[in-house]
>>> print(open('protein.pdb').read())   # PDB, C-alpha atoms, pLDDT in the B column
ATOM      1  CA  MET A 134      39.757 -12.139  29.947  1.00 38.00           C
ATOM      2  CA  TYR A 135      41.188 -15.402  31.205  1.00 43.00           C
ATOM      3  CA  HIS A 136      41.598 -18.096  28.553  1.00 42.00           C
ATOM      4  CA  MET A 137      40.875 -21.086  30.760  1.00 47.00           C
ATOM      5  CA  GLU A 138      37.972 -23.072  32.108  1.00 52.00           C
ATOM      6  CA  ASN A 139      36.113 -21.228  34.830  1.00 54.00           C
ATOM      7  CA  PRO A 140      37.500 -22.041  38.273  1.00 49.00           C
ATOM      8  CA  MET A 141      35.392 -21.787  41.405  1.00 53.00           C
ATOM      9  CA  MET A 142      35.340 -18.157  42.523  1.00 48.00           C
ATOM     10  CA  VAL A 143      35.266 -16.813  46.078  1.00 51.00           C
ATOM     11  CA  ALA A 144      34.922 -13.032  46.433  1.00 49.00           C
ATOM     12  CA  GLY A 145      36.194 -12.609  42.882  1.00 50.00           C
ATOM     13  CA  TRP A 146      39.252 -14.759  43.545  1.00 55.00           C
ATOM     14  CA  PRO A 147      39.758 -18.177  41.900  1.00 54.00           C
ATOM     15  CA  THR A 148      40.190 -21.067  44.320  1.00 52.00           C
ATOM     16  CA  ALA A 149      42.317 -22.804  41.702  1.00 48.00           C
ATOM     17  CA  SER A 150      45.761 -21.535  40.797  1.00 54.00           C
ATOM     18  CA  VAL A 151      45.600 -19.063  37.912  1.00 56.00           C
ATOM     19  CA  PRO A 152      48.805 -18.137  36.045  1.00 58.00           C
ATOM     20  CA  GLY A 153      49.813 -14.547  35.508  1.00 63.00           C
ATOM     21  CA  PRO A 154      49.046 -11.293  37.339  1.00 76.00           C
ATOM     22  CA  SER A 155      46.260 -11.161  39.903  1.00 86.00           C
ATOM     23  CA  HIS A 156      42.765 -10.142  38.782  1.00 87.00           C
ATOM     24  CA  TYR A 157      39.335  -9.625  40.278  1.00 88.00           C
ATOM     25  CA  TRP A 158      37.091 -11.851  38.200  1.00 86.00           C
ATOM     26  CA  GLN A 159      33.614 -13.351  38.517  1.00 82.00           C
ATOM     27  CA  GLY A 160      34.180 -15.968  35.838  1.00 80.00           C
ATOM     28  CA  GLY A 161      32.421 -16.558  32.539  1.00 82.00           C
ATOM     29  CA  ASN A 162      32.211 -13.541  30.255  1.00 87.00           C
ATOM     30  CA  THR A 163      32.722 -11.014  33.036  1.00 89.00           C
ATOM     31  CA  LEU A 164      35.636  -8.603  32.926  1.00 92.00           C
ATOM     32  CA  ALA A 165      38.852  -9.665  34.643  1.00 90.00           C
ATOM     33  CA  VAL A 166      39.906  -6.476  36.442  1.00 93.00           C
ATOM     34  CA  PRO A 167      43.676  -6.371  37.019  1.00 93.00           C
ATOM     35  CA  ARG A 168      44.796  -5.663  40.583  1.00 93.00           C
ATOM     36  CA  SER A 169      47.364  -3.332  39.053  1.00 94.00           C
ATOM     37  CA  LEU A 170      44.441  -0.904  38.630  1.00 96.00           C
ATOM     38  CA  HIS A 171      44.613  -0.234  42.366  1.00 97.00           C
ATOM     39  CA  LYS A 172      48.383   0.221  42.274  1.00 96.00           C
ATOM     40  CA  GLU A 173      47.877   2.905  39.633  1.00 97.00           C
ATOM     41  CA  THR A 174      45.299   4.484  41.918  1.00 97.00           C
ATOM     42  CA  ARG A 175      47.740   4.472  44.820  1.00 98.00           C
ATOM     43  CA  ASN A 176      50.312   6.192  42.640  1.00 97.00           C
ATOM     44  CA  LYS A 177      47.766   8.870  41.694  1.00 97.00           C
ATOM     45  CA  VAL A 178      46.879   9.490  45.334  1.00 98.00           C
ATOM     46  CA  ILE A 179      50.511   9.826  46.389  1.00 98.00           C
ATOM     47  CA  LYS A 180      51.254  12.169  43.486  1.00 97.00           C
ATOM     48  CA  ASN A 181      48.319  14.369  44.509  1.00 98.00           C
ATOM     49  CA  MET A 182      49.417  14.320  48.138  1.00 98.00           C
ATOM     50  CA  LYS A 183      52.857  15.560  47.183  1.00 98.00           C
ATOM     51  CA  GLN A 184      51.347  18.352  45.101  1.00 97.00           C
ATOM     52  CA  LEU A 185      49.259  19.353  48.114  1.00 98.00           C
ATOM     53  CA  GLY A 186      52.335  19.560  50.321  1.00 97.00           C
ATOM     54  CA  ALA A 187      52.792  16.126  51.880  1.00 97.00           C
ATOM     55  CA  VAL A 188      56.149  16.074  53.647  1.00 97.00           C
ATOM     56  CA  LEU A 189      59.024  13.642  53.178  1.00 96.00           C
ATOM     57  CA  GLY A 190      59.022  10.621  55.446  1.00 97.00           C
ATOM     58  CA  SER A 191      55.253  10.649  55.859  1.00 98.00           C
ATOM     59  CA  VAL A 192      52.640   7.882  55.601  1.00 98.00           C
ATOM     60  CA  ALA A 193      49.004   7.826  54.447  1.00 98.00           C
ATOM     61  CA  PHE A 194      46.868   5.566  56.636  1.00 98.00           C
ATOM     62  CA  LEU A 195      43.394   4.319  55.704  1.00 98.00           C
ATOM     63  CA  ALA A 196      40.830   2.096  57.400  1.00 98.00           C
ATOM     64  CA  GLY A 197      38.684  -0.486  55.674  1.00 97.00           C
ATOM     65  CA  GLY A 198      35.097  -1.385  56.517  1.00 95.00           C
ATOM     66  CA  VAL A 199      34.217  -3.063  59.810  1.00 95.00           C
ATOM     67  CA  SER A 200      32.435  -6.413  60.148  1.00 93.00           C
ATOM     68  CA  ARG A 201      29.316  -6.250  62.319  1.00 93.00           C
ATOM     69  CA  CYS A 202      26.819  -8.671  63.832  1.00 92.00           C
ATOM     70  CA  ARG A 203      23.071  -8.104  63.803  1.00 92.00           C
ATOM     71  CA  ASP A 204      22.029  -6.722  67.197  1.00 92.00           C
ATOM     72  CA  ASP A 205      23.128  -9.116  69.960  1.00 91.00           C
ATOM     73  CA  THR A 206      23.354 -12.203  67.723  1.00 93.00           C
ATOM     74  CA  ASP A 207      26.359 -13.895  66.143  1.00 86.00           C
ATOM     75  CA  HIS A 208      24.819 -13.419  62.696  1.00 88.00           C
ATOM     76  CA  GLU A 209      27.169 -11.338  60.580  1.00 87.00           C
ATOM     77  CA  GLU A 210      25.550  -8.644  58.478  1.00 92.00           C
ATOM     78  CA  LEU A 211      26.310  -8.502  54.770  1.00 92.00           C
ATOM     79  CA  PHE A 212      29.673  -6.754  54.478  1.00 93.00           C
ATOM     80  CA  ARG A 213      30.466  -4.069  51.956  1.00 93.00           C
ATOM     81  CA  GLN A 214      33.941  -2.595  51.836  1.00 95.00           C
ATOM     82  CA  GLU A 215      34.496   1.090  52.611  1.00 95.00           C
ATOM     83  CA  SER A 216      34.527   2.718  49.179  1.00 94.00           C
ATOM     84  CA  ASN A 217      37.775   4.660  49.429  1.00 95.00           C
ATOM     85  CA  PHE A 218      39.641   1.691  50.882  1.00 97.00           C
ATOM     86  CA  HIS A 219      38.414  -0.491  48.043  1.00 96.00           C
ATOM     87  CA  TYR A 220      39.407   2.159  45.502  1.00 96.00           C
ATOM     88  CA  VAL A 221      42.961   2.307  46.836  1.00 97.00           C
ATOM     89  CA  PHE A 222      43.579  -1.339  47.773  1.00 97.00           C
ATOM     90  CA  GLY A 223      40.831  -3.437  46.138  1.00 95.00           C
ATOM     91  CA  VAL A 224      40.505  -5.529  49.290  1.00 96.00           C
ATOM     92  CA  ALA A 225      37.286  -7.499  49.848  1.00 93.00           C
ATOM     93  CA  GLU A 226      37.844  -8.656  53.436  1.00 94.00           C
ATOM     94  CA  PRO A 227      36.640  -6.650  56.468  1.00 95.00           C
ATOM     95  CA  ASP A 228      38.574  -5.157  59.391  1.00 96.00           C
ATOM     96  CA  CYS A 229      41.684  -4.277  57.395  1.00 97.00           C
ATOM     97  CA  PHE A 230      43.906  -1.194  57.260  1.00 98.00           C
ATOM     98  CA  GLY A 231      46.322   0.102  54.671  1.00 98.00           C
ATOM     99  CA  ALA A 232      49.352   2.374  54.616  1.00 98.00           C
ATOM    100  CA  LEU A 233      51.139   4.166  51.777  1.00 98.00           C
ATOM    101  CA  MET A 234      54.715   5.378  52.165  1.00 98.00           C
ATOM    102  CA  VAL A 235      54.692   8.805  50.532  1.00 98.00           C
ATOM    103  CA  ASP A 236      58.400   8.770  49.617  1.00 97.00           C
ATOM    104  CA  SER A 237      58.655   5.344  48.004  1.00 96.00           C
ATOM    105  CA  GLY A 238      55.038   4.531  47.136  1.00 96.00           C
ATOM    106  CA  GLU A 239      55.333   1.267  49.065  1.00 98.00           C
ATOM    107  CA  SER A 240      51.967  -0.215  50.064  1.00 98.00           C
ATOM    108  CA  ILE A 241      51.356  -2.091  53.300  1.00 98.00           C
ATOM    109  CA  LEU A 242      48.164  -4.034  53.995  1.00 98.00           C
ATOM    110  CA  PHE A 243      47.175  -4.913  57.558  1.00 98.00           C
ATOM    111  CA  VAL A 244      44.816  -7.879  58.002  1.00 97.00           C
ATOM    112  CA  PRO A 245      43.219  -9.396  61.130  1.00 96.00           C
ATOM    113  CA  ARG A 246      45.061 -12.238  62.848  1.00 95.00           C
ATOM    114  CA  LEU A 247      42.295 -14.846  62.853  1.00 93.00           C
ATOM    115  CA  PRO A 248      42.126 -17.550  65.555  1.00 91.00           C
ATOM    116  CA  SER A 249      42.652 -21.179  64.557  1.00 90.00           C
ATOM    117  CA  GLU A 250      39.015 -22.034  65.306  1.00 90.00           C
ATOM    118  CA  TYR A 251      37.983 -19.710  62.465  1.00 88.00           C
ATOM    119  CA  ALA A 252      38.963 -22.460  60.046  1.00 87.00           C
ATOM    120  CA  VAL A 253      36.453 -24.875  61.616  1.00 90.00           C
ATOM    121  CA  TRP A 254      33.521 -22.781  60.398  1.00 85.00           C
ATOM    122  CA  MET A 255      34.879 -20.673  57.576  1.00 83.00           C
ATOM    123  CA  GLY A 256      37.557 -22.770  55.901  1.00 85.00           C
ATOM    124  CA  SER A 257      41.320 -22.386  55.639  1.00 87.00           C
ATOM    125  CA  ILE A 258      42.889 -19.156  56.861  1.00 90.00           C
ATOM    126  CA  ALA A 259      44.785 -17.144  54.248  1.00 90.00           C
ATOM    127  CA  SER A 260      48.438 -16.468  55.031  1.00 93.00           C
ATOM    128  CA  LEU A 261      50.144 -13.091  54.790  1.00 95.00           C
ATOM    129  CA  GLU A 262      51.743 -14.262  51.556  1.00 94.00           C
ATOM    130  CA  ASP A 263      48.307 -15.209  50.199  1.00 92.00           C
ATOM    131  CA  PHE A 264      47.114 -11.631  50.733  1.00 93.00           C
ATOM    132  CA  LYS A 265      50.310 -10.225  49.224  1.00 94.00           C
ATOM    133  CA  VAL A 266      49.872 -12.260  46.039  1.00 91.00           C
ATOM    134  CA  LYS A 267      46.126 -11.688  45.832  1.00 91.00           C
ATOM    135  CA  TYR A 268      46.206  -7.901  46.160  1.00 94.00           C
ATOM    136  CA  GLU A 269      49.680  -7.197  44.741  1.00 94.00           C
ATOM    137  CA  VAL A 270      50.768  -5.003  47.635  1.00 97.00           C
ATOM    138  CA  ASP A 271      54.376  -4.669  48.750  1.00 97.00           C
ATOM    139  CA  LYS A 272      53.955  -5.975  52.283  1.00 98.00           C
ATOM    140  CA  VAL A 273      51.294  -7.544  54.513  1.00 98.00           C
ATOM    141  CA  MET A 274      51.222  -7.458  58.309  1.00 98.00           C
ATOM    142  CA  TYR A 275      48.653  -8.184  60.997  1.00 97.00           C
ATOM    143  CA  THR A 276      46.489  -5.424  62.448  1.00 98.00           C
ATOM    144  CA  ASP A 277      47.916  -6.090  65.911  1.00 97.00           C
ATOM    145  CA  GLN A 278      51.293  -4.985  64.491  1.00 98.00           C
ATOM    146  CA  ILE A 279      50.156  -1.524  63.354  1.00 98.00           C
ATOM    147  CA  LYS A 280      51.579   0.347  66.339  1.00 98.00           C
ATOM    148  CA  ASP A 281      54.896  -1.492  66.032  1.00 98.00           C
ATOM    149  CA  PHE A 282      55.009  -0.638  62.336  1.00 98.00           C
ATOM    150  CA  PHE A 283      54.594   3.087  62.934  1.00 98.00           C
ATOM    151  CA  THR A 284      56.988   3.045  65.865  1.00 97.00           C
ATOM    152  CA  SER A 285      59.584   1.377  63.664  1.00 97.00           C
ATOM    153  CA  CYS A 286      59.240   3.681  60.641  1.00 96.00           C
ATOM    154  CA  SER A 287      58.748   6.802  62.827  1.00 97.00           C
ATOM    155  CA  PRO A 288      56.903   8.873  60.196  1.00 98.00           C
ATOM    156  CA  THR A 289      57.275  12.638  60.093  1.00 98.00           C
ATOM    157  CA  LYS A 290      53.483  12.771  59.712  1.00 98.00           C
ATOM    158  CA  ILE A 291      50.527  10.403  59.342  1.00 98.00           C
ATOM    159  CA  TYR A 292      47.915  11.543  56.824  1.00 98.00           C
ATOM    160  CA  LEU A 293      44.391  10.427  57.715  1.00 98.00           C
ATOM    161  CA  TYR A 294      41.209  10.462  55.665  1.00 96.00           C
ATOM    162  CA  ASN A 295      38.738  13.038  56.937  1.00 93.00           C
ATOM    163  CA  GLY A 296      36.236  15.061  54.945  1.00 88.00           C
ATOM    164  CA  VAL A 297      32.609  15.720  54.112  1.00 87.00           C
ATOM    165  CA  ASN A 298      30.800  14.119  51.184  1.00 85.00           C
ATOM    166  CA  SER A 299      29.309  17.024  49.242  1.00 84.00           C
ATOM    167  CA  ASP A 300      26.157  15.057  48.357  1.00 88.00           C
ATOM    168  CA  SER A 301      25.281  13.056  51.484  1.00 90.00           C
ATOM    169  CA  LYS A 302      27.054  15.413  53.919  1.00 90.00           C
ATOM    170  CA  SER A 303      28.391  12.310  55.652  1.00 89.00           C
ATOM    171  CA  VAL A 304      31.788  12.684  57.283  1.00 89.00           C
ATOM    172  CA  GLY A 305      34.613  10.239  56.634  1.00 88.00           C
ATOM    173  CA  LYS A 306      36.041   8.543  59.713  1.00 90.00           C
ATOM    174  CA  PRO A 307      39.832   8.734  60.126  1.00 96.00           C
ATOM    175  CA  ALA A 308      41.736   5.502  60.684  1.00 97.00           C
ATOM    176  CA  HIS A 309      42.798   4.891  64.278  1.00 97.00           C
ATOM    177  CA  PHE A 310      44.975   2.585  66.326  1.00 97.00           C
ATOM    178  CA  ASP A 311      45.858   2.579  70.004  1.00 96.00           C
ATOM    179  CA  GLY A 312      48.754   4.959  70.441  1.00 96.00           C
ATOM    180  CA  ILE A 313      48.247   7.066  67.317  1.00 97.00           C
ATOM    181  CA  GLU A 314      48.164  10.139  69.547  1.00 96.00           C
ATOM    182  CA  ALA A 315      51.945   9.837  69.915  1.00 96.00           C
ATOM    183  CA  PHE A 316      52.429  10.629  66.224  1.00 97.00           C
ATOM    184  CA  PRO A 317      51.903  13.906  64.324  1.00 97.00           C
ATOM    185  CA  CYS A 318      48.754  13.551  62.213  1.00 98.00           C
ATOM    186  CA  ASP A 319      47.170  15.567  59.410  1.00 97.00           C
ATOM    187  CA  LEU A 320      43.465  15.561  58.499  1.00 97.00           C
ATOM    188  CA  GLU A 321      43.601  17.976  55.563  1.00 96.00           C
ATOM    189  CA  ILE A 322      45.561  16.483  52.661  1.00 97.00           C
ATOM    190  CA  LEU A 323      44.486  12.868  52.123  1.00 97.00           C
ATOM    191  CA  HIS A 324      40.794  13.575  51.477  1.00 96.00           C
ATOM    192  CA  PRO A 325      41.262  16.049  48.565  1.00 95.00           C
ATOM    193  CA  ALA A 326      44.175  13.991  47.186  1.00 97.00           C
ATOM    194  CA  LEU A 327      42.009  10.871  47.039  1.00 96.00           C
ATOM    195  CA  PHE A 328      38.980  12.589  45.552  1.00 93.00           C
ATOM    196  CA  GLU A 329      41.088  14.356  42.928  1.00 95.00           C
ATOM    197  CA  ALA A 330      42.441  10.931  41.934  1.00 96.00           C
ATOM    198  CA  ARG A 331      38.893   9.884  41.048  1.00 93.00           C
ATOM    199  CA  VAL A 332      38.528  12.752  38.563  1.00 93.00           C
ATOM    200  CA  THR A 333      41.053  11.418  36.030  1.00 92.00           C
ATOM    201  CA  LYS A 334      40.722   7.794  34.922  1.00 95.00           C
ATOM    202  CA  THR A 335      43.501   5.406  34.000  1.00 94.00           C
ATOM    203  CA  SER A 336      43.141   3.180  30.938  1.00 95.00           C
ATOM    204  CA  ALA A 337      42.281   0.253  33.232  1.00 95.00           C
ATOM    205  CA  GLU A 338      39.537   2.261  34.919  1.00 96.00           C
ATOM    206  CA  LEU A 339      38.139   3.265  31.530  1.00 96.00           C
ATOM    207  CA  GLU A 340      37.937  -0.402  30.517  1.00 96.00           C
ATOM    208  CA  VAL A 341      35.874  -1.141  33.644  1.00 96.00           C
ATOM    209  CA  LEU A 342      33.528   1.759  32.865  1.00 96.00           C
ATOM    210  CA  LYS A 343      33.175   0.650  29.229  1.00 97.00           C
ATOM    211  CA  PHE A 344      32.383  -2.911  30.278  1.00 96.00           C
ATOM    212  CA  ALA A 345      29.778  -1.747  32.804  1.00 95.00           C
ATOM    213  CA  ASN A 346      28.168   0.468  30.159  1.00 96.00           C
ATOM    214  CA  ARG A 347      28.064  -2.375  27.638  1.00 96.00           C
ATOM    215  CA  VAL A 348      26.405  -4.720  30.132  1.00 95.00           C
ATOM    216  CA  SER A 349      23.901  -2.070  31.193  1.00 96.00           C
ATOM    217  CA  SER A 350      23.071  -1.170  27.586  1.00 97.00           C
ATOM    218  CA  LYS A 351      22.547  -4.809  26.595  1.00 94.00           C
ATOM    219  CA  ALA A 352      20.317  -5.323  29.616  1.00 95.00           C
ATOM    220  CA  HIS A 353      18.157  -2.326  28.675  1.00 94.00           C
ATOM    221  CA  ILE A 354      17.899  -3.508  25.052  1.00 94.00           C
ATOM    222  CA  THR A 355      16.890  -7.008  26.146  1.00 93.00           C
ATOM    223  CA  VAL A 356      14.216  -5.653  28.484  1.00 93.00           C
ATOM    224  CA  MET A 357      12.775  -3.402  25.786  1.00 91.00           C
ATOM    225  CA  GLN A 358      12.727  -6.295  23.305  1.00 90.00           C
ATOM    226  CA  LYS A 359      10.589  -8.280  25.740  1.00 88.00           C
ATOM    227  CA  VAL A 360       8.156  -5.461  26.465  1.00 86.00           C
ATOM    228  CA  ILE A 361       4.697  -5.999  24.977  1.00 77.00           C
ATOM    229  CA  CYS A 362       3.240  -2.687  23.915  1.00 72.00           C
ATOM    230  CA  ARG A 363      -0.490  -2.167  23.933  1.00 67.00           C
ATOM    231  CA  HIS A 364      -2.068   0.277  21.519  1.00 65.00           C
ATOM    232  CA  ASP A 365      -5.540   0.704  22.891  1.00 63.00           C
ATOM    233  CA  SER A 366      -8.028   2.505  20.693  1.00 60.00           C
ATOM    234  CA  PRO A 367      -9.234   5.803  22.076  1.00 60.00           C
ATOM    235  CA  SER A 368     -12.716   5.586  23.592  1.00 56.00           C
TER     236      SER A 368
END
>>> encode(input="protein.pdb", output="structure tokens")
Amino acid sequence: MYHMENPMMVAGWPTASVPGPSHYWQGGNTLAVPRSLHKETRNKVIKNMKQLGAVLGSVAFLAGGVSRCRDDTDHEELFRQESNFHYVFGVAEPDCFGALMVDSGESILFVPRLPSEYAVWMGSIASLEDFKVKYEVDKVMYTDQIKDFFTSCSPTKIYLYNGVNSDSKSVGKPAHFDGIEAFPCDLEILHPALFEARVTKTSAELEVLKFANRVSSKAHITVMQKVICRHDSPS
């Protein structure tokens, strides 16, 4: 928990400068979730990938959720991040991609290059360094640099997320960029590696689960305390 007066929060990020490691925090008595939680997750995923046979010099590549407008209007629908992307990177913004270097564990976040007029309506545009500090990744680039990135690092293989949810039967959509066909890709390893990572929880993940359970339990107790029971006599 932060020991400071509550700053204004935007998407769980304080608009005022906050000392120390980055956290996701909604202020007040809510839990400050360290961004290092997602780094631990990335390490778990890479470890699982290696155990499943991921080759040296390879890269895992994931896509975040996509921003959409309602029908033919310019009204943006409420955005919710793609669950796996959030689990691995903790990123709140839409239209992002992420890469994990299997050998080194290095994390690269790709964010949209927003036009200058964006600031007129939506406020100041975050820099690449802003994203790097906020999400504690190793490097941040623009999404229009993805092809150049892969051309430069020349991976032995690109591992893409692709699999079926056993409950909903929905199929995960692999990340894509123009020109990915020129690189060797694998659709088999990343999905089981990521889902296996969810099975075992880190200490940081356990703290989040404990906090959620405490809040839920208190809410149920409060509701029950306010319930007025009627004991009608049998007719």
>>> closest_residue(input="protein.pdb", among="A:Lys272, A:Lys343, A:Lys177, A:Lys359", to="Val221 of chain A", atoms="all atoms listed in the file")
A:Lys177
>>> closest_residue(input="protein.pdb", among="A:Leu323, A:Leu170, A:Val304, A:Val273", to="Val192 of chain A", atoms="only C-alpha atoms")
A:Leu323
>>> closest_residue(input="protein.pdb", among="A:Leu233, A:Leu261, A:Ala326, A:Val356", to="Ser191 of chain A", atoms="only C-alpha atoms")
A:Leu233
>>> resolve_selection(input="protein.pdb", expression="the PyMOL selection byres ((chain A and resi 290-293) around 9)", output="NGL selection string")
:A and (187-195 or 287-289 or 294-295 or 306-309 or 313 or 316-324)
>>> resolve_selection(input="protein.pdb", expression="the PyMOL selection byres ((chain A and resi 222) around 12)", output="ChimeraX atom specification")
/A:157,167-176,178,194-197,214-221,223-226,229-233,240-243,264-265,267-271,273
>>> write_last_selection(input="protein.pdb", atoms="C-alpha atoms", output="PDB file, in the coordinates of the input")
ATOM      1  CA  TYR A 157      39.335  -9.625  40.278  1.00 88.00           C
ATOM      2  CA  PRO A 167      43.676  -6.371  37.019  1.00 93.00           C
ATOM      3  CA  ARG A 168      44.796  -5.663  40.583  1.00 93.00           C
ATOM      4  CA  SER A 169      47.364  -3.332  39.053  1.00 94.00           C
ATOM      5  CA  LEU A 170      44.441  -0.904  38.630  1.00 96.00           C
ATOM      6  CA  HIS A 171      44.613  -0.234  42.366  1.00 97.00           C
ATOM      7  CA  LYS A 172      48.383   0.221  42.274  1.00 96.00           C
ATOM      8  CA  GLU A 173      47.877   2.905  39.633  1.00 97.00           C
ATOM      9  CA  THR A 174      45.299   4.484  41.918  1.00 97.00           C
ATOM     10  CA  ARG A 175      47.740   4.472  44.820  1.00 98.00           C
ATOM     11  CA  ASN A 176      50.312   6.192  42.640  1.00 97.00           C
ATOM     12  CA  VAL A 178      46.879   9.490  45.334  1.00 98.00           C
ATOM     13  CA  PHE A 194      46.868   5.566  56.636  1.00 98.00           C
ATOM     14  CA  LEU A 195      43.394   4.319  55.704  1.00 98.00           C
ATOM     15  CA  ALA A 196      40.830   2.096  57.400  1.00 98.00           C
ATOM     16  CA  GLY A 197      38.684  -0.486  55.674  1.00 97.00           C
ATOM     17  CA  GLN A 214      33.941  -2.595  51.836  1.00 95.00           C
ATOM     18  CA  GLU A 215      34.496   1.090  52.611  1.00 95.00           C
ATOM     19  CA  SER A 216      34.527   2.718  49.179  1.00 94.00           C
ATOM     20  CA  ASN A 217      37.775   4.660  49.429  1.00 95.00           C
ATOM     21  CA  PHE A 218      39.641   1.691  50.882  1.00 97.00           C
ATOM     22  CA  HIS A 219      38.414  -0.491  48.043  1.00 96.00           C
ATOM     23  CA  TYR A 220      39.407   2.159  45.502  1.00 96.00           C
ATOM     24  CA  VAL A 221      42.961   2.307  46.836  1.00 97.00           C
ATOM     25  CA  GLY A 223      40.831  -3.437  46.138  1.00 95.00           C
ATOM     26  CA  VAL A 224      40.505  -5.529  49.290  1.00 96.00           C
ATOM     27  CA  ALA A 225      37.286  -7.499  49.848  1.00 93.00           C
ATOM     28  CA  GLU A 226      37.844  -8.656  53.436  1.00 94.00           C
ATOM     29  CA  CYS A 229      41.684  -4.277  57.395  1.00 97.00           C
ATOM     30  CA  PHE A 230      43.906  -1.194  57.260  1.00 98.00           C
ATOM     31  CA  GLY A 231      46.322   0.102  54.671  1.00 98.00           C
ATOM     32  CA  ALA A 232      49.352   2.374  54.616  1.00 98.00           C
ATOM     33  CA  LEU A 233      51.139   4.166  51.777  1.00 98.00           C
ATOM     34  CA  SER A 240      51.967  -0.215  50.064  1.00 98.00           C
ATOM     35  CA  ILE A 241      51.356  -2.091  53.300  1.00 98.00           C
ATOM     36  CA  LEU A 242      48.164  -4.034  53.995  1.00 98.00           C
ATOM     37  CA  PHE A 243      47.175  -4.913  57.558  1.00 98.00           C
ATOM     38  CA  PHE A 264      47.114 -11.631  50.733  1.00 93.00           C
ATOM     39  CA  LYS A 265      50.310 -10.225  49.224  1.00 94.00           C
ATOM     40  CA  LYS A 267      46.126 -11.688  45.832  1.00 91.00           C
ATOM     41  CA  TYR A 268      46.206  -7.901  46.160  1.00 94.00           C
ATOM     42  CA  GLU A 269      49.680  -7.197  44.741  1.00 94.00           C
ATOM     43  CA  VAL A 270      50.768  -5.003  47.635  1.00 97.00           C
ATOM     44  CA  ASP A 271      54.376  -4.669  48.750  1.00 97.00           C
ATOM     45  CA  VAL A 273      51.294  -7.544  54.513  1.00 98.00           C
TER      46      VAL A 273
END
>>> resolve_selection(input="protein.pdb", expression="the PyMOL selection byres ((chain A and resi 209-213) around 8)", output="ChimeraX atom specification")
/A:198-203,207-208,214-215,225,227
>>> atom_distance(input="protein.pdb", atom1="atom CA of Asp277 of chain A", atom2="atom CA of Glu314 of chain A")
16.6 Å
>>> atom_distance(input="protein.pdb", atom1="atom CA of Arg246 of chain A", atom2="atom CA of Ser285 of chain A")
19.9 Å
>>> residues_around(input="protein.pdb", residues="Glu329 of chain A", least_positions_apart="4", cutoff="8 Å", atoms="only C-alpha atoms", output="list in words")
Val178, Asn181, Pro325 and Thr333 of chain A
>>> atom_distance(input="protein.pdb", atom1="atom CA of Ala165 of chain A", atom2="atom CA of Phe344 of chain A")
10.3 Å
>>> closest_residue(input="protein.pdb", among="A:Val332, A:Val253, A:Met182, A:Ile354", to="Asp236 of chain A", atoms="all atoms listed in the file")
A:Met182
>>> axis_aligned_box(input="protein.pdb", around="segment 335-353 of chain A", padding_each_side="5 Å", output="AutoDock Vina command-line options")
--center_x 30.8 --center_y 0.0 --center_z 30.8 --size_x 35.3 --size_y 20.7 --size_z 18.3
